[in-house]
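Quick look at my_file.cif (mmCIF, C-alpha atoms):
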```cif
data_data
#
loop_
_atom_site.label_atom_id
_atom_site.label_comp_id
_atom_site.auth_asym_id
_atom_site.auth_seq_id
_atom_site.Cartn_x
_atom_site.Cartn_y
_atom_site.Cartn_z
CA MET A 1 -48.35 -48.99 41.85
CA SER A 2 -50.35 -49.39 38.67
CA SER A 3 -48.70 -49.99 35.34
CA ALA A 4 -50.30 -46.76 34.04
CA VAL A 5 -48.60 -44.72 36.74
CA ILE A 6 -45.31 -46.47 36.17
CA GLY A 7 -45.63 -45.86 32.43
CA ALA A 8 -46.40 -42.19 32.96
CA GLY A 9 -43.40 -41.83 35.23
CA LEU A 10 -41.13 -43.48 32.71
CA GLY A 11 -42.56 -41.25 29.98
CA VAL A 12 -41.87 -38.09 31.98
CA GLY A 13 -38.37 -39.28 32.79
CA PHE A 14 -37.69 -40.05 29.14
CA LEU A 15 -38.96 -36.63 28.05
CA GLY A 16 -36.84 -35.02 30.74
CA CYS A 17 -33.76 -36.82 29.43
CA LEU A 18 -34.52 -35.45 25.98
CA PHE A 19 -35.55 -31.96 27.11
CA PHE A 20 -32.46 -30.91 29.01
CA PRO A 21 -29.90 -31.90 26.32
CA LEU A 22 -32.15 -30.24 23.73
CA LEU A 23 -32.41 -27.09 25.85
CA PHE A 24 -28.62 -27.06 26.25
CA LEU A 25 -28.17 -27.43 22.48
CA ILE A 26 -30.59 -24.57 21.78
CA LEU A 27 -28.81 -22.31 24.25
CA LEU A 28 -25.43 -23.27 22.81
CA VAL A 29 -26.49 -22.57 19.23
CA GLY A 30 -28.09 -19.29 20.28
CA THR A 31 -24.91 -18.23 22.03
CA MET A 32 -22.81 -19.11 18.98
CA VAL A 33 -25.10 -17.15 16.65
CA ALA A 34 -25.04 -14.13 18.95
CA ALA A 35 -21.26 -14.34 19.19
CA ALA A 36 -20.94 -14.59 15.42
CA LEU A 37 -23.10 -11.53 14.86
CA GLY A 38 -21.12 -9.62 17.46
CA TRP A 39 -17.88 -10.68 15.78
CA ILE A 40 -19.00 -9.42 12.39
CA PHE A 41 -19.80 -5.95 13.66
CA TRP A 42 -17.24 -5.69 16.47
CA PRO A 43 -15.48 -2.55 15.12
CA LEU A 44 -18.80 -0.71 15.05
CA VAL A 45 -19.69 -1.99 18.51
CA LEU A 46 -16.31 -0.82 19.75
CA LEU A 47 -16.84 2.63 18.25
CA CYS A 48 -20.24 2.78 19.92
CA ASP A 49 -18.72 1.79 23.25
CA ILE A 50 -16.10 4.53 23.17
CA GLY A 51 -18.63 7.13 22.06
CA ILE A 52 -17.32 7.75 18.56
CA LEU A 53 -20.54 6.70 16.83
CA PRO A 54 -24.07 7.57 18.00
CA CYS A 55 -25.48 4.05 18.24
CA ASP A 56 -28.01 4.44 21.05
CA ALA A 57 -31.27 3.09 19.65
CA GLY A 58 -33.11 5.00 22.36
CA ASP A 59 -32.58 8.33 20.62
CA GLY A 60 -34.48 7.25 17.54
CA GLY A 61 -31.82 5.11 15.89
CA SER A 62 -28.25 5.31 14.70
CA ASP A 63 -27.03 7.92 12.24
CA LEU A 64 -25.26 5.13 10.36
CA ASN A 65 -26.76 4.04 7.04
CA GLN A 66 -27.09 0.28 7.42
CA ASP A 67 -27.17 -0.25 3.66
CA GLN A 68 -23.82 1.53 3.34
CA VAL A 69 -22.36 -0.62 6.11
CA THR A 70 -23.58 -3.82 4.45
CA GLU A 71 -22.32 -2.72 1.04
CA ALA A 72 -18.89 -1.94 2.48
CA TYR A 73 -18.72 -5.32 4.19
CA HIS A 74 -19.40 -7.15 0.92
CA SER A 75 -17.17 -4.92 -1.23
CA ASP A 76 -13.98 -5.95 -3.01
CA GLY A 77 -11.79 -3.80 -0.75
CA ARG A 78 -10.76 -1.51 -3.59
CA GLY A 79 -12.87 1.53 -2.71
CA GLY A 80 -11.56 4.85 -1.51
CA LEU A 81 -10.39 5.41 2.05
CA ASN A 82 -12.02 7.70 4.56
CA GLU A 83 -8.64 9.16 5.35
CA VAL A 84 -9.56 10.63 8.73
CA THR A 85 -10.17 7.13 10.13
CA VAL A 86 -6.65 5.94 9.29
CA PRO A 87 -3.70 6.99 11.48
CA SER A 88 -2.16 9.82 9.45
CA SER A 89 1.42 8.55 9.81
CA TYR A 90 0.46 5.32 8.03
CA LEU A 91 -1.88 6.76 5.40
CA PRO A 92 0.68 7.17 2.57
CA TYR A 93 1.94 3.61 3.02
CA ILE A 94 -1.57 2.15 3.03
CA LYS A 95 -2.46 4.03 -0.14
CA GLU A 96 0.77 2.93 -1.85
CA ALA A 97 0.26 -0.70 -0.80
CA GLY A 98 -3.34 -0.54 -2.01
CA ALA A 99 -2.14 0.67 -5.41
CA GLU A 100 0.42 -2.13 -5.80
CA CYS A 101 -1.91 -4.06 -8.12
CA THR A 102 -5.45 -3.83 -9.47
CA GLN A 103 -6.73 -6.77 -7.43
CA ILE A 104 -6.05 -5.28 -3.98
CA GLY A 105 -7.18 -1.90 -2.68
CA PRO A 106 -6.48 0.29 0.34
CA LEU A 107 -9.57 -0.88 2.25
CA ALA A 108 -8.28 -4.44 2.23
CA ILE A 109 -4.85 -3.27 3.41
CA ALA A 110 -6.28 -1.13 6.23
CA GLY A 111 -8.72 -3.85 7.27
CA GLN A 112 -5.93 -6.41 7.46
CA ILE A 113 -3.76 -4.15 9.58
CA GLN A 114 -6.68 -3.58 11.94
CA GLN A 115 -7.27 -7.32 12.13
CA GLU A 116 -3.62 -8.28 12.49
CA SER A 117 -2.24 -5.69 14.90
CA GLY A 118 -4.79 -2.99 15.70
CA PHE A 119 -2.21 -0.56 14.24
CA ASN A 120 0.38 -1.54 16.86
CA GLU A 121 3.61 -0.96 14.96
CA LYS A 122 5.80 -2.81 17.48
CA LEU A 123 3.60 -5.88 18.00
CA VAL A 124 5.37 -9.25 18.09
CA GLY A 125 3.00 -12.21 17.65
CA PRO A 126 3.21 -15.69 19.18
CA ASP A 127 4.41 -17.09 15.85
CA GLY A 128 7.28 -14.61 15.57
CA ALA A 129 5.47 -12.32 13.15
CA GLU A 130 6.29 -8.66 13.72
CA GLY A 131 4.85 -5.24 13.07
CA LEU A 132 1.66 -3.82 11.69
CA SER A 133 0.99 -6.48 9.09
CA GLN A 134 2.10 -9.54 11.10
CA MET A 135 3.47 -11.30 8.02
CA PRO A 136 5.07 -14.70 8.61
CA PRO A 137 8.84 -14.10 8.93
CA ASP A 138 9.66 -16.14 5.82
CA LYS A 139 7.16 -14.17 3.75
CA PHE A 140 8.45 -10.85 5.00
CA LYS A 141 11.96 -11.97 4.10
CA GLU A 142 10.69 -12.69 0.58
CA PHE A 143 8.60 -9.56 0.04
CA GLY A 144 10.13 -7.05 2.43
CA LYS A 145 12.30 -4.16 1.23
CA ASP A 146 13.89 -1.08 2.76
CA ASP A 147 10.97 1.05 1.66
CA ASP A 148 11.69 3.85 4.11
CA SER A 149 15.35 4.02 3.02
CA ASN A 150 16.69 3.94 6.59
CA GLY A 151 19.37 1.38 5.78
CA LYS A 152 17.54 -1.69 7.09
CA THR A 153 14.62 -3.90 6.15
CA SER A 154 12.45 -4.50 9.20
CA ALA A 155 8.86 -5.61 9.78
CA LEU A 156 8.89 -3.26 12.78
CA ASP A 157 9.23 -0.30 10.38
CA ALA A 158 5.76 0.78 9.31
CA ASP A 159 6.61 1.53 5.69
CA ASP A 160 8.53 -1.73 5.23
CA SER A 161 5.75 -3.76 6.85
CA ILE A 162 2.81 -2.27 4.96
CA ARG A 163 4.48 -2.19 1.56
CA ALA A 164 5.59 -5.82 1.99
CA GLN A 165 1.99 -6.67 2.87
CA GLY A 166 0.82 -5.07 -0.37
CA ARG A 167 3.35 -6.98 -2.47
CA TYR A 168 2.51 -10.28 -0.77
CA MET A 169 -1.24 -9.74 -1.15
CA CYS A 170 -0.79 -8.91 -4.83
CA SER A 171 1.28 -12.04 -5.35
CA LEU A 172 -1.41 -14.12 -3.69
CA ALA A 173 -4.17 -12.38 -5.66
CA LYS A 174 -2.48 -13.23 -8.95
CA GLU A 175 -2.15 -16.87 -7.86
CA ILE A 176 -5.83 -16.89 -6.89
CA ASP A 177 -6.82 -15.43 -10.28
CA THR A 178 -5.06 -18.32 -12.01
CA LEU A 179 -6.62 -20.93 -9.72
CA VAL A 180 -10.13 -19.52 -10.22
CA THR A 181 -9.66 -19.33 -14.01
CA ASN A 182 -8.55 -22.97 -14.05
CA ASN A 183 -11.52 -23.98 -11.85
CA GLU A 184 -9.15 -25.26 -9.18
CA VAL A 185 -10.79 -23.16 -6.47
CA THR A 186 -14.13 -21.39 -6.16
CA GLY A 187 -15.32 -18.44 -4.12
CA ASP A 188 -14.99 -14.70 -3.78
CA ARG A 189 -11.51 -13.69 -4.93
CA LEU A 190 -10.82 -11.31 -2.07
CA ASP A 191 -11.97 -13.91 0.45
CA LEU A 192 -9.69 -16.47 -1.17
CA THR A 193 -6.75 -14.06 -1.11
CA LEU A 194 -7.33 -13.19 2.54
CA ALA A 195 -7.58 -16.90 3.32
CA ALA A 196 -4.26 -17.50 1.57
CA TYR A 197 -2.65 -14.70 3.61
CA ASP A 198 -3.97 -16.22 6.82
CA ALA A 199 -3.63 -19.96 6.20
CA GLY A 200 -1.39 -20.22 3.17
CA LEU A 201 -2.04 -20.81 -0.52
CA ASP A 202 -1.63 -24.57 -0.14
CA ALA A 203 -4.48 -24.64 2.38
CA VAL A 204 -6.74 -22.81 -0.10
CA LYS A 205 -5.77 -25.24 -2.86
CA ALA A 206 -6.43 -28.25 -0.63
CA ALA A 207 -9.84 -26.91 0.37
CA LYS A 208 -10.61 -25.86 -3.23
CA GLY A 209 -11.77 -22.61 -1.71
CA VAL A 210 -11.75 -20.88 1.65
CA PRO A 211 -10.71 -23.44 4.30
CA ASP A 212 -13.58 -24.39 6.57
CA THR A 213 -11.76 -23.54 9.78
CA GLN A 214 -12.77 -21.16 12.55
CA GLN A 215 -9.44 -19.34 12.34
CA THR A 216 -9.65 -18.51 8.64
CA GLN A 217 -13.39 -17.87 8.55
CA SER A 218 -13.04 -15.47 11.50
CA TYR A 219 -10.07 -13.79 9.85
CA ILE A 220 -12.06 -12.94 6.72
CA ILE A 221 -15.05 -11.74 8.73
CA GLY A 222 -12.77 -9.63 10.91
CA VAL A 223 -11.09 -7.91 7.97
CA ARG A 224 -14.36 -7.24 6.18
CA SER A 225 -16.03 -5.92 9.32
CA SER A 226 -13.51 -3.05 9.34
CA PHE A 227 -14.46 -1.85 5.86
CA ALA A 228 -17.37 0.19 7.20
CA LEU A 229 -14.99 2.23 9.34
CA TYR A 230 -12.41 2.87 6.63
CA SER A 231 -14.60 3.26 3.53
CA GLU A 232 -15.28 6.74 2.18
CA ASN A 233 -18.67 5.43 1.03
CA VAL A 234 -19.95 5.00 4.58
CA LYS A 235 -21.08 8.28 6.05
CA LEU A 236 -19.78 8.48 9.60
CA PRO A 237 -20.87 11.19 12.02
CA ALA A 238 -18.77 14.34 11.86
CA GLN A 239 -16.09 14.25 14.53
CA GLU A 240 -13.08 16.34 15.38
CA SER A 241 -10.96 13.21 15.46
CA TYR A 242 -11.17 9.44 15.29
CA PRO A 243 -9.14 6.94 17.30
CA THR A 244 -5.64 6.42 15.96
CA THR A 245 -5.65 2.81 17.09
CA LEU A 246 -8.23 0.15 17.79
CA SER A 247 -7.75 -3.14 19.57
CA PRO A 248 -7.08 -6.09 17.24
CA ARG A 249 -9.17 -9.22 17.46
CA PRO A 250 -8.29 -11.61 20.28
CA THR A 251 -5.30 -13.69 19.21
CA PRO A 252 -5.15 -17.44 19.85
CA SER A 253 -2.84 -18.63 22.59
CA SER A 254 -1.04 -20.85 20.11
CA PRO A 255 0.46 -19.61 16.84
CA ARG A 256 -1.61 -19.98 13.69
CA PRO A 257 -0.25 -22.37 11.05
CA THR A 258 2.65 -20.98 9.04
CA PRO A 259 1.31 -20.11 5.58
CA SER A 260 2.97 -21.90 2.71
CA SER A 261 2.62 -21.61 -1.03
CA SER A 262 3.95 -23.40 -4.00
#
```

Do you think you could lay out the structure here as structure tokens?
Amino acid sequence: MSSAVIGAGLGVGFLGCLFFPLLFLILLVGTMVAAALGWIFWPLVLLCDIGILPCDAGDGGSDLNQDQVTEAYHSDGRGGLNEVTVPSSYLPYIKEAGAECTQIGPLAIAGQIQQESGFNEKLVGPDGAEGLSQMPPDKFKEFGKDDDSNGKTSALDADDSIRAQGRYMCSLAKEIDTLVTNNEVTGDRLDLTLAAYDAGLDAVKAAKGVPDTQQTQSYIIGVRSSFALYSENVKLPAQESYPTTLSPRPTPSSPRPTPSSS
């Protein structure tokens, strides 16, 4: 066999060795990007799937205003609620928690509840967190009160859980304000506060911003992706009723790290 033929064969083999790993990498990256985009808009996709929103592009396009959806996603979470999209039994508590301080609004509270529990009042998480807001037990012990005046303080009581969430978020927001003012952390203040709720204030301090972890990044995206559903600034199609509960994001098999703060 001539050296030219041998060389050509080696060249093809070498290119093949490069091509298949490169193809695998391209497919992997493409899958990750598609998954990320799906994650961002999963509440809207869910609403399309169950027929609440008219999202069939075949009928000439969705009735949703994409600019409104994008604006809601990037908002500060302090806008008004579209009250018909929130379970009515929880609406007063969400509004009260959202008025606990100027930094946190009802959209952020509702989005967190959607992300944490899917409005499942009796949910018990793998880390021992309970109720709608899934606060770490030590944080609920610190911020929880008998807000419904039933003689007990319980994370499984909706009012107690949501109002404790509001107090905890406000406490974190004030800490974040100080850290940003002192140039100890950088980033969007709501994102930083949500990151502190998910991973702990110490993790935000150590990262000097939002921790670069899949858990915390996904948490922020998940909360924000619900804003389009709950915001009064996003015009949703007129319906007789909206779902009282939605499924929360998939939870990891192992508990998330216990948030800590100094």

Taking 6 positions as the minimum chain separation for residues in the same chain, which residues sit within 9 Å of Lys122 of chain A when counting all atoms listed in the file? Answer as a tab-separated table (two decimals) with C-alpha atoms, keeping the file's coordinate frame.
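Writing the result to selection_0.tsv gives the following:
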```tsv
chain	number	residue	atom	x	y	z
A	130	GLU	CA	6.29	-8.66	13.72
A	131	GLY	CA	4.85	-5.24	13.07
A	132	LEU	CA	1.66	-3.82	11.69
A	155	ALA	CA	8.86	-5.61	9.78
A	156	LEU	CA	8.89	-3.26	12.78
A	157	ASP	CA	9.23	-0.30	10.38
A	158	ALA	CA	5.76	0.78	9.31
```

Residues near Phe140 of chain A, cut-off 12 Å, only C-alpha atoms, skip fewer than 4 positions along chain, as a VMD selection string: chain A and resid 128 to 136 144 to 146 153 to 157 160 to 169 197 259

On this file, the PyMOL selection byres ((chain A and resi 116) around 7) gives some set of residues; write that set as a PyMOL selection string. chain A and resi 112-115+117-118+132-134+248

Apply the PyMOL selection byres ((chain A and resi 74-76) around 10) to the displayed file and report the matching residues as a ChimeraX atom specification. /A:69-73,77-79,103-105,107-108,188-191,224-225,227-228,231

When you draw a straight line from atom CA of Lys139 of chain A to atom CA of Asn82 of chain A, how long is it in Å?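 Rounded to one decimal, the two atoms are 29.1 Å apart.
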